[in-house]
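Step one of this worksheet: look at the structure below.
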Amino acid sequence: MDKESILKIKIFIWAISAGIIVSFFFSTNFLAWATSFNPGDSVMLISPIMCGLMLGIVTWEVDAIYTVFSSFILTTVATVGVVLTLLSPMLLGATWVLGDYYIYVAQNVMISIILILPLSLLGAMVGRLFAENTIMSSIYRVERDQLRSETHEWYMMLEEKLDEKKAAIEDLRAKQQEADVEAQENLKEETQETDPVSPKPLDD
């Protein structure tokens, strides 16, 4: 297994773990009326941002599409966790609830989606920028600068080759024009030499 595949697996595991963490805080906040543990409403804003920040730091080495994709995985896992937690009494057959409770579950699920996705994506982008500008090692920066300089030199060499080729084409055209002019002059001289001289008329 290559390094890129291992990195993708690590990103996937991090996204699932972050989704579980976010779902825990959202579920406990939604069920604060039934339990003695109440983390507070502020945790519903902080947890997606912080988990997204960690995802951005983890995914800074790969394309930005993986950062966005990991945020969607985080949102999906967190939403599924919230749904399973809120419906666990019915799924386990522990108790029966009224029909209004399902409306309550649907409302909380919508709140979860609306809050988790943009906040986690925002945190992921901030974490990615932070990692690219701060945590990036000096060796990577040197390699990147070297690659940029080599690319610039390659473009300069390419432009020089193109200029030389254009100059060679212009010289060839000029020589061809000179050869055409010389050939026309030679043709005129040969024509004058081969034409017979017309005799003068005799006087009476």
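Every chain in the structure tokens takes a letter, A first, then B, and so on in the order presented; its residues are numbered from 1, and the ligands are numbered from 1 following the presented order.
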request  = Tell me, as a ChimeraX atom specification, which residues lie within 8 Å of Val105 in chain A, counting only C-alpha atoms; anything in the same chain fewer than 6 positions away does not count.
outcome  = /A:83,86-87
Set out as JSON lines a contact list for range 2-104 of chain A and range 122-133 of chain A with a cut-off of 7 Å, giving each residue of range 2-104 of chain A that qualifies its closest atom pair and distance in Å to one decimal, counting only C-alpha atoms, ordered by chain and rising residue number.
{"residue": "A:Ile49", "atom": "CA", "partner": "A:Gly123", "partner_atom": "CA", "distance": 4.6}
{"residue": "A:Met50", "atom": "CA", "partner": "A:Gly123", "partner_atom": "CA", "distance": 6.4}
{"residue": "A:Gly52", "atom": "CA", "partner": "A:Ala124", "partner_atom": "CA", "distance": 4.3}
{"residue": "A:Leu53", "atom": "CA", "partner": "A:Gly123", "partner_atom": "CA", "distance": 4.3}
{"residue": "A:Met54", "atom": "CA", "partner": "A:Gly127", "partner_atom": "CA", "distance": 6.5}
{"residue": "A:Leu55", "atom": "CA", "partner": "A:Ala124", "partner_atom": "CA", "distance": 5.6}
{"residue": "A:Gly56", "atom": "CA", "partner": "A:Ala124", "partner_atom": "CA", "distance": 3.9}
{"residue": "A:Ile57", "atom": "CA", "partner": "A:Gly127", "partner_atom": "CA", "distance": 5.0}
{"residue": "A:Thr59", "atom": "CA", "partner": "A:Arg128", "partner_atom": "CA", "distance": 6.8}
{"residue": "A:Trp60", "atom": "CA", "partner": "A:Arg128", "partner_atom": "CA", "distance": 5.0}
{"residue": "A:Thr67", "atom": "CA", "partner": "A:Ala124", "partner_atom": "CA", "distance": 6.6}
query = Which polymer residues have any atom within 8 Å of an atom of Ser70 in chain A, counting only C-alpha atoms, with same-chain residues fewer than 2 positions away left out, as a PyMOL selection string?
reply = chain A and resi 11-12+15+55+66-68+72-74
query = Residues of chain A in alpha helix (DSSP H) according to DSSP, as a ChimeraX atom specification?
reply = /A:3-30,43-58,64-91,99-130,138-194
query = Contacts of Val22 in chain A at 9 Å or less, counting only C-alpha atoms, minus same-chain residues fewer than 6 places along, as a ChimeraX atom specification?
reply = /A:44,47-48,51,74-75,77-79,81,116
key: Between CA of Phe24 in chain A and CA of Pro39 in chain A, distance in Å (one decimal)   =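 Spanning CA of Phe24 in chain A to CA of Pro39 in chain A is a straight-line distance of 10.2 Å.
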task = Counting only C-alpha atoms, figure out which residue out of A:Asp171, A:Thr35, A:Pro89, A:Lys8 gets nearest to Tyr101 in chain A.
result =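 Between A:Asp171, A:Thr35, A:Pro89, A:Lys8, the residue approaching Tyr101 in chain A most closely is A:Pro89.
Of note, CA of Leu31 in chain A and CA of Val109 in chain A are spaced 12.8 Å apart.
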request  = Can you work out which one of A:Phe30, A:Tyr140, A:Lys3, A:Leu162 has the shortest atom-to-atom distance to Thr85 in chain A, counting only C-alpha atoms?
outcome  = A:Phe30
